[in-house]
$ cat final21.txt   # compact mmCIF, C-alpha atoms and all ligand atoms
# COMPACT_ATOMS: atom_id res chain seq x y z
CA MET S 1 0.00 0.00 0.00
CA ARG S 2 1.39 3.37 -0.97
CA LYS S 3 1.15 6.05 1.68
CA LYS S 4 -0.86 9.13 0.66
CA VAL S 5 1.20 12.30 0.52
CA ILE S 6 -0.78 15.50 0.95
CA ALA S 7 1.40 18.48 0.10
CA GLY S 8 0.52 22.15 0.26
CA ASN S 9 2.09 24.56 -2.20
CA TRP S 10 1.83 28.05 -0.79
CA LYS S 11 3.40 29.63 -3.90
CA MET S 12 4.27 33.31 -3.29
CA ASN S 13 1.97 33.72 -0.30
CA MET S 14 2.25 33.91 3.49
CA LEU S 15 4.55 36.04 5.62
CA PRO S 16 6.46 34.32 8.43
CA ASN S 17 3.93 35.25 11.12
CA GLU S 18 1.10 33.94 8.92
CA ALA S 19 3.04 30.73 8.29
CA MET S 20 3.59 30.15 11.99
CA GLU S 21 -0.05 30.87 12.82
CA MET S 22 -1.29 28.55 10.10
CA ILE S 23 0.97 25.72 11.25
CA ALA S 24 -0.01 26.21 14.89
CA ALA S 25 -3.68 25.94 13.88
CA LEU S 26 -3.12 22.97 11.55
CA ALA S 27 -0.93 20.76 13.74
CA PRO S 28 -3.53 19.66 16.33
CA LEU S 29 -6.14 19.03 13.63
CA ILE S 30 -4.01 16.54 11.70
CA LYS S 31 -1.92 14.96 14.43
CA ASP S 32 -3.61 11.55 14.10
CA THR S 33 -3.50 11.21 10.34
CA GLU S 34 -1.73 8.29 8.74
CA ASN S 35 -1.10 10.42 5.65
CA GLU S 36 2.20 12.21 5.05
CA VAL S 37 1.69 15.96 5.40
CA VAL S 38 4.04 18.42 3.71
CA LEU S 39 3.96 22.20 3.39
CA CYS S 40 6.04 23.71 0.59
CA VAL S 41 6.58 27.28 1.65
CA PRO S 42 8.42 30.35 0.30
CA TYR S 43 12.13 30.54 1.12
CA THR S 44 11.53 33.36 3.59
CA ASP S 45 9.13 31.14 5.57
CA LEU S 46 11.32 28.04 5.66
CA PHE S 47 13.16 28.68 8.88
CA TYR S 48 10.09 29.87 10.78
CA SER S 49 8.04 26.97 9.46
CA LEU S 50 10.70 24.46 10.46
CA LEU S 51 10.60 25.83 14.01
CA ALA S 52 6.81 25.73 14.02
CA VAL S 53 6.59 22.09 12.91
CA GLN S 54 8.90 20.77 15.62
CA GLU S 55 7.12 17.99 17.52
CA THR S 56 4.42 17.75 14.87
CA ASN S 57 3.96 15.29 11.97
CA ILE S 58 4.25 18.07 9.38
CA LYS S 59 7.24 18.10 7.01
CA ILE S 60 8.57 21.18 5.27
CA GLY S 61 9.46 21.57 1.61
CA ALA S 62 10.75 24.32 -0.67
CA GLN S 63 9.19 25.24 -4.01
CA ASN S 64 12.33 25.27 -6.15
CA MET S 65 16.11 24.93 -5.93
CA HIS S 66 19.17 25.35 -8.10
CA PHE S 67 20.98 22.28 -9.39
CA GLU S 68 24.47 23.52 -8.51
CA GLU S 69 25.71 23.23 -4.96
CA LYS S 70 27.06 26.79 -4.75
CA GLY S 71 28.55 29.52 -6.90
CA ALA S 72 27.87 32.69 -8.83
CA TYR S 73 24.11 32.30 -9.28
CA THR S 74 22.69 35.48 -7.81
CA GLY S 75 19.32 34.98 -6.21
CA GLU S 76 19.41 31.19 -6.26
CA ILE S 77 19.20 28.66 -3.43
CA SER S 78 20.88 25.24 -3.60
CA GLY S 79 19.73 21.85 -2.39
CA LYS S 80 22.61 21.82 0.05
CA MET S 81 21.34 25.07 1.57
CA LEU S 82 17.84 23.67 1.92
CA LYS S 83 19.11 20.50 3.53
CA SER S 84 21.33 22.44 5.93
CA ILE S 85 18.32 23.95 7.71
CA GLY S 86 16.23 20.77 7.79
CA VAL S 87 14.08 20.98 4.67
CA GLN S 88 13.00 17.50 3.49
CA TYR S 89 11.03 18.03 0.28
CA VAL S 90 11.33 20.24 -2.78
CA ILE S 91 8.90 20.92 -5.61
CA ILE S 92 10.64 20.76 -8.98
CA GLY S 93 9.34 21.86 -12.35
CA HIS S 94 6.02 23.35 -11.29
CA SER S 95 4.18 24.52 -14.40
CA GLU S 96 4.42 28.13 -13.19
CA ARG S 97 8.20 27.78 -13.15
CA ARG S 98 8.19 26.11 -16.56
CA GLN S 99 5.94 28.86 -17.91
CA TYR S 100 7.35 32.02 -16.29
CA PHE S 101 10.91 31.11 -15.32
CA ALA S 102 12.23 29.14 -18.27
CA GLU S 103 12.33 25.81 -16.47
CA THR S 104 12.90 23.02 -18.98
CA ASP S 105 12.81 19.23 -18.88
CA GLU S 106 16.60 19.40 -18.78
CA THR S 107 16.84 21.72 -15.76
CA VAL S 108 14.12 19.68 -14.07
CA ASN S 109 16.21 16.54 -14.52
CA LYS S 110 19.36 18.24 -13.18
CA LYS S 111 17.47 19.56 -10.17
CA ILE S 112 16.03 16.14 -9.34
CA LYS S 113 19.52 14.63 -9.37
CA ALA S 114 20.80 17.47 -7.17
CA ALA S 115 17.87 16.98 -4.80
CA PHE S 116 18.79 13.30 -4.32
CA LEU S 117 22.45 14.21 -3.77
CA ASN S 118 21.23 16.30 -0.84
CA ASN S 119 18.71 13.77 0.48
CA LEU S 120 15.76 15.95 -0.48
CA LYS S 121 12.62 14.26 -1.76
CA PRO S 122 11.59 15.82 -5.07
CA ILE S 123 7.95 16.46 -5.96
CA VAL S 124 8.14 16.71 -9.73
CA CYS S 125 5.29 18.38 -11.59
CA VAL S 126 4.06 17.30 -15.01
CA GLY S 127 0.92 18.35 -16.83
CA GLU S 128 -0.61 19.34 -20.13
CA THR S 129 -2.06 22.64 -21.32
CA LEU S 130 -5.68 23.00 -22.42
CA GLU S 131 -4.64 23.08 -26.09
CA GLN S 132 -2.67 19.86 -25.68
CA ARG S 133 -5.62 18.22 -24.01
CA GLU S 134 -8.00 19.38 -26.71
CA ALA S 135 -5.62 18.00 -29.31
CA GLY S 136 -5.78 14.66 -27.49
CA ILE S 137 -2.03 14.51 -26.82
CA GLN S 138 -2.12 14.90 -23.03
CA TYR S 139 -0.78 11.43 -22.30
CA ASP S 140 2.10 11.87 -24.75
CA ILE S 141 3.00 15.14 -23.04
CA ILE S 142 2.93 13.89 -19.48
CA THR S 143 4.65 10.57 -20.13
CA GLU S 144 7.39 12.35 -22.08
CA GLN S 145 7.85 14.90 -19.27
CA THR S 146 8.05 12.01 -16.80
CA LYS S 147 10.60 10.13 -18.89
CA LYS S 148 12.82 13.20 -19.27
CA ALA S 149 12.51 14.07 -15.59
CA LEU S 150 13.65 10.60 -14.52
CA ASP S 151 16.41 10.28 -17.10
CA GLY S 152 19.55 8.75 -15.58
CA LEU S 153 18.10 8.13 -12.12
CA THR S 154 18.76 4.85 -10.36
CA GLU S 155 15.84 2.52 -9.62
CA GLU S 156 15.91 3.57 -5.98
CA GLN S 157 15.87 7.25 -6.88
CA ALA S 158 13.04 6.76 -9.36
CA ALA S 159 11.03 4.88 -6.73
CA ASN S 160 11.55 7.77 -4.31
CA THR S 161 10.52 10.50 -6.71
CA ILE S 162 7.05 11.91 -6.18
CA ILE S 163 5.29 12.85 -9.41
CA ALA S 164 2.53 15.46 -9.26
CA TYR S 165 0.17 15.30 -12.21
CA GLU S 166 -1.13 18.83 -12.54
CA PRO S 167 -3.13 19.64 -15.67
CA ILE S 168 -2.30 23.30 -16.25
CA TRP S 169 -5.90 24.21 -17.09
CA ALA S 170 -6.97 23.03 -13.64
CA ILE S 171 -4.45 25.04 -11.61
CA GLY S 172 -6.01 27.92 -9.72
CA THR S 173 -8.99 27.94 -12.06
CA GLY S 174 -11.53 26.11 -9.93
CA LYS S 175 -11.75 23.50 -12.73
CA THR S 176 -10.79 20.06 -11.51
CA ALA S 177 -10.10 17.06 -13.71
CA THR S 178 -12.78 14.41 -13.23
CA LYS S 179 -11.64 11.68 -10.91
CA GLU S 180 -11.57 9.23 -13.81
CA ASP S 181 -9.49 11.55 -16.03
CA ALA S 182 -7.08 12.31 -13.20
CA ASN S 183 -6.73 8.64 -12.37
CA ASP S 184 -6.18 7.68 -16.03
CA ALA S 185 -3.41 10.27 -16.30
CA CYS S 186 -1.75 9.03 -13.11
CA ARG S 187 -2.00 5.45 -14.38
CA LYS S 188 -0.40 6.39 -17.71
CA ILE S 189 2.48 7.95 -15.79
CA ARG S 190 2.85 4.79 -13.73
CA GLU S 191 2.81 2.64 -16.87
CA LYS S 192 5.58 4.77 -18.32
CA ILE S 193 7.66 4.31 -15.18
CA ALA S 194 7.00 0.55 -15.36
CA GLU S 195 8.22 0.55 -18.95
CA ILE S 196 11.50 2.19 -17.91
CA TYR S 197 12.13 0.77 -14.43
CA GLY S 198 9.84 -2.25 -14.14
CA GLN S 199 6.62 -2.89 -12.30
CA ASN S 200 8.15 -3.03 -8.81
CA VAL S 201 9.51 0.49 -9.03
CA ALA S 202 6.32 1.79 -10.65
CA GLU S 203 4.19 0.36 -7.84
CA ARG S 204 6.27 2.25 -5.27
CA VAL S 205 6.14 5.69 -6.90
CA ILE S 206 3.79 8.20 -5.28
CA ILE S 207 1.76 10.00 -7.95
CA GLN S 208 -0.24 12.98 -6.77
CA TYR S 209 -3.01 14.91 -8.45
CA GLY S 210 -2.96 18.72 -8.30
CA GLY S 211 -5.22 21.41 -9.70
CA SER S 212 -8.07 22.95 -7.69
CA MET S 213 -8.13 20.14 -5.15
CA LYS S 214 -10.31 21.24 -2.24
CA PRO S 215 -12.29 19.74 0.65
CA GLU S 216 -15.31 19.18 -1.64
CA ASN S 217 -13.48 17.01 -4.18
CA ALA S 218 -10.48 15.64 -2.27
CA LYS S 219 -12.07 12.40 -1.11
CA GLU S 220 -13.29 11.22 -4.50
CA LEU S 221 -9.92 12.01 -6.08
CA LEU S 222 -7.80 10.52 -3.31
CA GLU S 223 -9.79 7.30 -3.27
CA MET S 224 -8.88 6.51 -6.86
CA SER S 225 -6.53 3.58 -7.44
CA ASP S 226 -3.58 5.49 -8.92
CA ILE S 227 -3.86 8.83 -7.11
CA ASP S 228 -1.57 8.69 -4.10
CA GLY S 229 -1.93 12.19 -2.79
CA GLY S 230 -2.45 15.80 -3.70
CA LEU S 231 -0.46 18.93 -4.41
CA ILE S 232 -2.68 21.70 -3.18
CA GLY S 233 -2.30 25.42 -3.85
CA GLY S 234 -5.17 27.71 -2.84
CA ALA S 235 -6.77 25.32 -0.38
CA SER S 236 -3.48 24.85 1.51
CA LEU S 237 -3.31 28.45 2.69
CA LYS S 238 -5.83 28.00 5.47
CA ALA S 239 -5.63 25.38 8.22
CA GLU S 240 -9.38 24.75 8.11
CA THR S 241 -9.45 23.84 4.43
CA PHE S 242 -6.13 22.02 4.25
CA GLU S 243 -7.01 19.98 7.35
CA LYS S 244 -10.15 18.67 5.62
CA ILE S 245 -8.12 17.43 2.68
CA VAL S 246 -5.53 15.76 4.94
CA ASN S 247 -8.35 14.15 6.94
CA TYR S 248 -10.35 13.10 3.87
CA ASN S 249 -10.27 9.47 5.08
CA LYS S 250 -11.28 10.15 8.68
P1 LIG L 301 -4.34 25.04 -6.94
O1 LIG L 301 -2.77 24.91 -7.25
O2 LIG L 301 -4.68 23.98 -5.92
O3 LIG L 301 -4.52 26.42 -6.41
O4 LIG L 301 -5.07 24.81 -8.23
C1 LIG L 301 -2.15 23.66 -7.33
C2 LIG L 301 -0.70 23.84 -7.70
O5 LIG L 301 -0.39 24.69 -8.55
O6 LIG L 301 0.17 23.12 -7.18

$ encode --input "final21.txt" --output "structure tokens" --more "lines below"
Ligand code: PGA
Amino acid sequence: MRKKVIAGNWKMNMLPNEAMEMIAALAPLIKDTENEVVLCVPYTDLFYSLLAVQETNIKIGAQNMHFEEKGAYTGEISGKMLKSIGVQYVIIGHSERRQYFAETDETVNKKIKAAFLNNLKPIVCVGETLEQREAGIQYDIITEQTKKALDGLTEEQAANTIIAYEPIWAIGTGKTATKEDANDACRKIREKIAEIYGQNVAERVIIQYGGSMKPENAKELLEMSDIDGGLIGGASLKAETFEKIVNYNK
């Protein structure tokens, strides 16, 4: 049985005091969950959030990192830096980074490798645009993104990569993929991984759905056979909504 991983993606929201308040409110509400709970917070909230999650079952992630360990890369943060303060997860290749910050399949792949070098667990985002979906090529797009993301990883690394299937048209739009469509996409990704690494590895990989997941639709999505968790933007900003998603199976 794969463990469900429920990860919040705060994007460019939340000041440190808001982060600490949210975590203080969330922690008691989710303390008994068997699901893995992660909050991916802005860099400026990392340290405060790490303090706030002490003695809780909440893990902290970043939303991006550079693939080099250090050097002349003004404004960048390395995996080594994240690890040094206790960060455990990192989102890589979110569609907003691919779209606005020139992230490519190649940089995504380099960042995943750098994440593993620093014992960070990567949450790697793949997903199609509306045009690609309408053209009926969504599975080609997401399986190709998955293949390129995992290129050169060992079996163990591949098995420990979290893939977040996030159809771009569903992000922040209030439009959610139907549970069947989301599950089909996650299954296609798993089949691709099986093709490259074998069935055993594919069965271990956590594949999340993301895109307007909220308390109202979380349960039906998270109960699907190939959806092993969620990457949640808007609904992760408030303890009372995020808690309901984490506790969908209570
Ligand atoms: P959303 O964002 O839940 O606000 O749609 C999800 C994401 O971009 O990770």

$ closest_residue --input "final21.txt" --among "S:Ile189, S:Ala149, S:Ile137, S:Leu237" --to "S:Glu103" --atoms "only C-alpha atoms"
S:Ala149

$ residues_near_ligand --input "final21.txt" --ligand "ligand LIG 301 (chain L)" --cutoff "9 Å" --atoms "all atoms listed in the file" --output "PyMOL selection string"
chain S and resi 7-11+94-96+125+164+166+168-176+209-214+230-236

$ residues_around --input "final21.txt" --residues "S:Tyr197" --least-positions-apart "5" --cutoff "10 Å" --atoms "all atoms listed in the file" --output "PyMOL selection string"
chain S and resi 150+153-156+158-159+191-192+202

$ closest_residue --input "final21.txt" --among "S:Pro28, S:Gly198, S:Pro167, S:Gly93" --to "S:Lys148" --atoms "all atoms listed in the file"
S:Gly93

$ closest_residue --input "final21.txt" --among "S:Thr129, S:Asn217, S:Ser225, S:Thr74" --to "S:Ile141" --atoms "all atoms listed in the file"
S:Thr129

$ closest_residue --input "final21.txt" --among "S:Ala27, S:Ile58, S:Leu15, S:Val5" --to "S:Ala239" --atoms "all atoms listed in the file"
S:Ala27

$ closest_residue --input "final21.txt" --among "S:Leu29, S:Met12, S:Ala62, S:Met20" --to "S:Asn247" --atoms "all atoms listed in the file"
S:Leu29

$ residues_near_point --input "final21.txt" --point "(10.3, 25.7, 4.6)" --cutoff "10 Å" --atoms "all atoms listed in the file" --output "ChimeraX atom specification"
/S:19,38-51,53,59-63,82,85-90

$ decode --input "final21.txt" --residues "stretch 175-209 of chain S" --atoms "N, CA, C and O atoms" --output "PDB file, in the first residue's frame"
ATOM      1  N   LYS S 175     -11.383  24.677 -11.914  1.00  0.00           N
ATOM      2  CA  LYS S 175     -11.746  23.502 -12.730  1.00  0.00           C
ATOM      3  C   LYS S 175     -10.899  22.319 -12.285  1.00  0.00           C
ATOM      4  O   LYS S 175      -9.674  22.396 -12.310  1.00  0.00           O
ATOM      5  N   THR S 176     -11.547  21.239 -11.926  1.00  0.00           N
ATOM      6  CA  THR S 176     -10.794  20.058 -11.513  1.00  0.00           C
ATOM      7  C   THR S 176     -10.962  19.003 -12.594  1.00  0.00           C
ATOM      8  O   THR S 176     -12.034  18.916 -13.205  1.00  0.00           O
ATOM      9  N   ALA S 177      -9.937  18.200 -12.806  1.00  0.00           N
ATOM     10  CA  ALA S 177     -10.103  17.056 -13.711  1.00  0.00           C
ATOM     11  C   ALA S 177     -11.109  16.111 -13.056  1.00  0.00           C
ATOM     12  O   ALA S 177     -11.191  16.045 -11.830  1.00  0.00           O
ATOM     13  N   THR S 178     -11.889  15.396 -13.838  1.00  0.00           N
ATOM     14  CA  THR S 178     -12.781  14.407 -13.227  1.00  0.00           C
ATOM     15  C   THR S 178     -11.894  13.353 -12.577  1.00  0.00           C
ATOM     16  O   THR S 178     -10.734  13.163 -12.966  1.00  0.00           O
ATOM     17  N   LYS S 179     -12.465  12.662 -11.611  1.00  0.00           N
ATOM     18  CA  LYS S 179     -11.636  11.677 -10.909  1.00  0.00           C
ATOM     19  C   LYS S 179     -11.158  10.595 -11.870  1.00  0.00           C
ATOM     20  O   LYS S 179     -10.038  10.107 -11.765  1.00  0.00           O
ATOM     21  N   GLU S 180     -11.979  10.262 -12.842  1.00  0.00           N
ATOM     22  CA  GLU S 180     -11.574   9.230 -13.814  1.00  0.00           C
ATOM     23  C   GLU S 180     -10.424   9.743 -14.696  1.00  0.00           C
ATOM     24  O   GLU S 180      -9.450   9.026 -14.932  1.00  0.00           O
ATOM     25  N   ASP S 181     -10.554  10.983 -15.177  1.00  0.00           N
ATOM     26  CA  ASP S 181      -9.495  11.552 -16.026  1.00  0.00           C
ATOM     27  C   ASP S 181      -8.179  11.673 -15.249  1.00  0.00           C
ATOM     28  O   ASP S 181      -7.107  11.360 -15.770  1.00  0.00           O
ATOM     29  N   ALA S 182      -8.290  12.148 -14.016  1.00  0.00           N
ATOM     30  CA  ALA S 182      -7.081  12.313 -13.200  1.00  0.00           C
ATOM     31  C   ALA S 182      -6.435  10.953 -12.948  1.00  0.00           C
ATOM     32  O   ALA S 182      -5.216  10.799 -13.045  1.00  0.00           O
ATOM     33  N   ASN S 183      -7.267   9.975 -12.651  1.00  0.00           N
ATOM     34  CA  ASN S 183      -6.735   8.639 -12.372  1.00  0.00           C
ATOM     35  C   ASN S 183      -6.098   8.019 -13.622  1.00  0.00           C
ATOM     36  O   ASN S 183      -5.033   7.399 -13.547  1.00  0.00           O
ATOM     37  N   ASP S 184      -6.750   8.207 -14.770  1.00  0.00           N
ATOM     38  CA  ASP S 184      -6.185   7.685 -16.026  1.00  0.00           C
ATOM     39  C   ASP S 184      -4.807   8.287 -16.281  1.00  0.00           C
ATOM     40  O   ASP S 184      -3.869   7.585 -16.677  1.00  0.00           O
ATOM     41  N   ALA S 185      -4.697   9.603 -16.052  1.00  0.00           N
ATOM     42  CA  ALA S 185      -3.412  10.266 -16.303  1.00  0.00           C
ATOM     43  C   ALA S 185      -2.346   9.718 -15.347  1.00  0.00           C
ATOM     44  O   ALA S 185      -1.221   9.429 -15.759  1.00  0.00           O
ATOM     45  N   CYS S 186      -2.717   9.557 -14.086  1.00  0.00           N
ATOM     46  CA  CYS S 186      -1.746   9.027 -13.113  1.00  0.00           C
ATOM     47  C   CYS S 186      -1.357   7.599 -13.495  1.00  0.00           C
ATOM     48  O   CYS S 186      -0.190   7.212 -13.370  1.00  0.00           O
ATOM     49  N   ARG S 187      -2.323   6.823 -13.990  1.00  0.00           N
ATOM     50  CA  ARG S 187      -2.005   5.448 -14.383  1.00  0.00           C
ATOM     51  C   ARG S 187      -1.063   5.414 -15.585  1.00  0.00           C
ATOM     52  O   ARG S 187      -0.138   4.608 -15.656  1.00  0.00           O
ATOM     53  N   LYS S 188      -1.292   6.326 -16.524  1.00  0.00           N
ATOM     54  CA  LYS S 188      -0.401   6.392 -17.706  1.00  0.00           C
ATOM     55  C   LYS S 188       1.033   6.712 -17.265  1.00  0.00           C
ATOM     56  O   LYS S 188       2.000   6.187 -17.817  1.00  0.00           O
ATOM     57  N   ILE S 189       1.144   7.602 -16.296  1.00  0.00           N
ATOM     58  CA  ILE S 189       2.483   7.952 -15.794  1.00  0.00           C
ATOM     59  C   ILE S 189       3.120   6.720 -15.154  1.00  0.00           C
ATOM     60  O   ILE S 189       4.282   6.399 -15.391  1.00  0.00           O
ATOM     61  N   ARG S 190       2.318   5.980 -14.380  1.00  0.00           N
ATOM     62  CA  ARG S 190       2.848   4.785 -13.726  1.00  0.00           C
ATOM     63  C   ARG S 190       3.267   3.738 -14.766  1.00  0.00           C
ATOM     64  O   ARG S 190       4.295   3.072 -14.624  1.00  0.00           O
ATOM     65  N   GLU S 191       2.464   3.613 -15.813  1.00  0.00           N
ATOM     66  CA  GLU S 191       2.810   2.637 -16.868  1.00  0.00           C
ATOM     67  C   GLU S 191       4.132   3.006 -17.535  1.00  0.00           C
ATOM     68  O   GLU S 191       4.928   2.142 -17.881  1.00  0.00           O
ATOM     69  N   LYS S 192       4.317   4.315 -17.714  1.00  0.00           N
ATOM     70  CA  LYS S 192       5.583   4.774 -18.324  1.00  0.00           C
ATOM     71  C   LYS S 192       6.764   4.411 -17.422  1.00  0.00           C
ATOM     72  O   LYS S 192       7.806   3.944 -17.891  1.00  0.00           O
ATOM     73  N   ILE S 193       6.577   4.628 -16.130  1.00  0.00           N
ATOM     74  CA  ILE S 193       7.655   4.306 -15.183  1.00  0.00           C
ATOM     75  C   ILE S 193       7.923   2.799 -15.190  1.00  0.00           C
ATOM     76  O   ILE S 193       9.072   2.353 -15.145  1.00  0.00           O
ATOM     77  N   ALA S 194       6.853   2.012 -15.309  1.00  0.00           N
ATOM     78  CA  ALA S 194       7.004   0.547 -15.357  1.00  0.00           C
ATOM     79  C   ALA S 194       7.796   0.133 -16.595  1.00  0.00           C
ATOM     80  O   ALA S 194       8.639  -0.763 -16.555  1.00  0.00           O
ATOM     81  N   GLU S 195       7.529   0.835 -17.692  1.00  0.00           N
ATOM     82  CA  GLU S 195       8.225   0.546 -18.953  1.00  0.00           C
ATOM     83  C   GLU S 195       9.736   0.792 -18.786  1.00  0.00           C
ATOM     84  O   GLU S 195      10.555   0.043 -19.309  1.00  0.00           O
ATOM     85  N   ILE S 196      10.086   1.840 -18.055  1.00  0.00           N
ATOM     86  CA  ILE S 196      11.503   2.192 -17.910  1.00  0.00           C
ATOM     87  C   ILE S 196      12.170   1.399 -16.776  1.00  0.00           C
ATOM     88  O   ILE S 196      13.271   0.890 -16.929  1.00  0.00           O
ATOM     89  N   TYR S 197      11.486   1.313 -15.646  1.00  0.00           N
ATOM     90  CA  TYR S 197      12.126   0.771 -14.430  1.00  0.00           C
ATOM     91  C   TYR S 197      11.533  -0.552 -13.951  1.00  0.00           C
ATOM     92  O   TYR S 197      12.006  -1.109 -12.952  1.00  0.00           O
ATOM     93  N   GLY S 198      10.474  -1.007 -14.594  1.00  0.00           N
ATOM     94  CA  GLY S 198       9.841  -2.248 -14.142  1.00  0.00           C
ATOM     95  C   GLY S 198       8.683  -1.978 -13.195  1.00  0.00           C
ATOM     96  O   GLY S 198       8.568  -0.904 -12.611  1.00  0.00           O
ATOM     97  N   GLN S 199       7.859  -3.005 -13.062  1.00  0.00           N
ATOM     98  CA  GLN S 199       6.620  -2.889 -12.300  1.00  0.00           C
ATOM     99  C   GLN S 199       6.855  -2.600 -10.809  1.00  0.00           C
ATOM    100  O   GLN S 199       6.131  -1.827 -10.201  1.00  0.00           O
ATOM    101  N   ASN S 200       7.893  -3.221 -10.250  1.00  0.00           N
ATOM    102  CA  ASN S 200       8.146  -3.034  -8.812  1.00  0.00           C
ATOM    103  C   ASN S 200       8.395  -1.580  -8.466  1.00  0.00           C
ATOM    104  O   ASN S 200       7.852  -1.059  -7.488  1.00  0.00           O
ATOM    105  N   VAL S 201       9.229  -0.930  -9.265  1.00  0.00           N
ATOM    106  CA  VAL S 201       9.514   0.486  -9.033  1.00  0.00           C
ATOM    107  C   VAL S 201       8.232   1.290  -9.234  1.00  0.00           C
ATOM    108  O   VAL S 201       7.859   2.128  -8.403  1.00  0.00           O
ATOM    109  N   ALA S 202       7.531   1.018 -10.322  1.00  0.00           N
ATOM    110  CA  ALA S 202       6.320   1.790 -10.647  1.00  0.00           C
ATOM    111  C   ALA S 202       5.276   1.701  -9.538  1.00  0.00           C
ATOM    112  O   ALA S 202       4.594   2.679  -9.239  1.00  0.00           O
ATOM    113  N   GLU S 203       5.180   0.534  -8.919  1.00  0.00           N
ATOM    114  CA  GLU S 203       4.186   0.362  -7.844  1.00  0.00           C
ATOM    115  C   GLU S 203       4.561   1.146  -6.589  1.00  0.00           C
ATOM    116  O   GLU S 203       3.729   1.392  -5.732  1.00  0.00           O
ATOM    117  N   ARG S 204       5.835   1.507  -6.466  1.00  0.00           N
ATOM    118  CA  ARG S 204       6.274   2.254  -5.270  1.00  0.00           C
ATOM    119  C   ARG S 204       6.146   3.769  -5.439  1.00  0.00           C
ATOM    120  O   ARG S 204       6.122   4.500  -4.450  1.00  0.00           O
ATOM    121  N   VAL S 205       6.113   4.238  -6.674  1.00  0.00           N
ATOM    122  CA  VAL S 205       6.145   5.687  -6.897  1.00  0.00           C
ATOM    123  C   VAL S 205       4.828   6.339  -6.460  1.00  0.00           C
ATOM    124  O   VAL S 205       3.754   5.874  -6.812  1.00  0.00           O
ATOM    125  N   ILE S 206       4.956   7.418  -5.699  1.00  0.00           N
ATOM    126  CA  ILE S 206       3.792   8.199  -5.284  1.00  0.00           C
ATOM    127  C   ILE S 206       3.446   9.148  -6.432  1.00  0.00           C
ATOM    128  O   ILE S 206       4.291   9.937  -6.871  1.00  0.00           O
ATOM    129  N   ILE S 207       2.214   9.082  -6.899  1.00  0.00           N
ATOM    130  CA  ILE S 207       1.756   9.996  -7.953  1.00  0.00           C
ATOM    131  C   ILE S 207       0.574  10.797  -7.408  1.00  0.00           C
ATOM    132  O   ILE S 207      -0.466  10.236  -7.063  1.00  0.00           O
ATOM    133  N   GLN S 208       0.791  12.102  -7.314  1.00  0.00           N
ATOM    134  CA  GLN S 208      -0.245  12.977  -6.772  1.00  0.00           C
ATOM    135  C   GLN S 208      -1.056  13.609  -7.902  1.00  0.00           C
ATOM    136  O   GLN S 208      -0.573  13.737  -9.022  1.00  0.00           O
ATOM    137  N   TYR S 209      -2.253  14.045  -7.544  1.00  0.00           N
ATOM    138  CA  TYR S 209      -3.010  14.910  -8.447  1.00  0.00           C
ATOM    139  C   TYR S 209      -2.965  16.321  -7.873  1.00  0.00           C
ATOM    140  O   TYR S 209      -3.049  16.502  -6.653  1.00  0.00           O
TER     141      TYR S 209
END
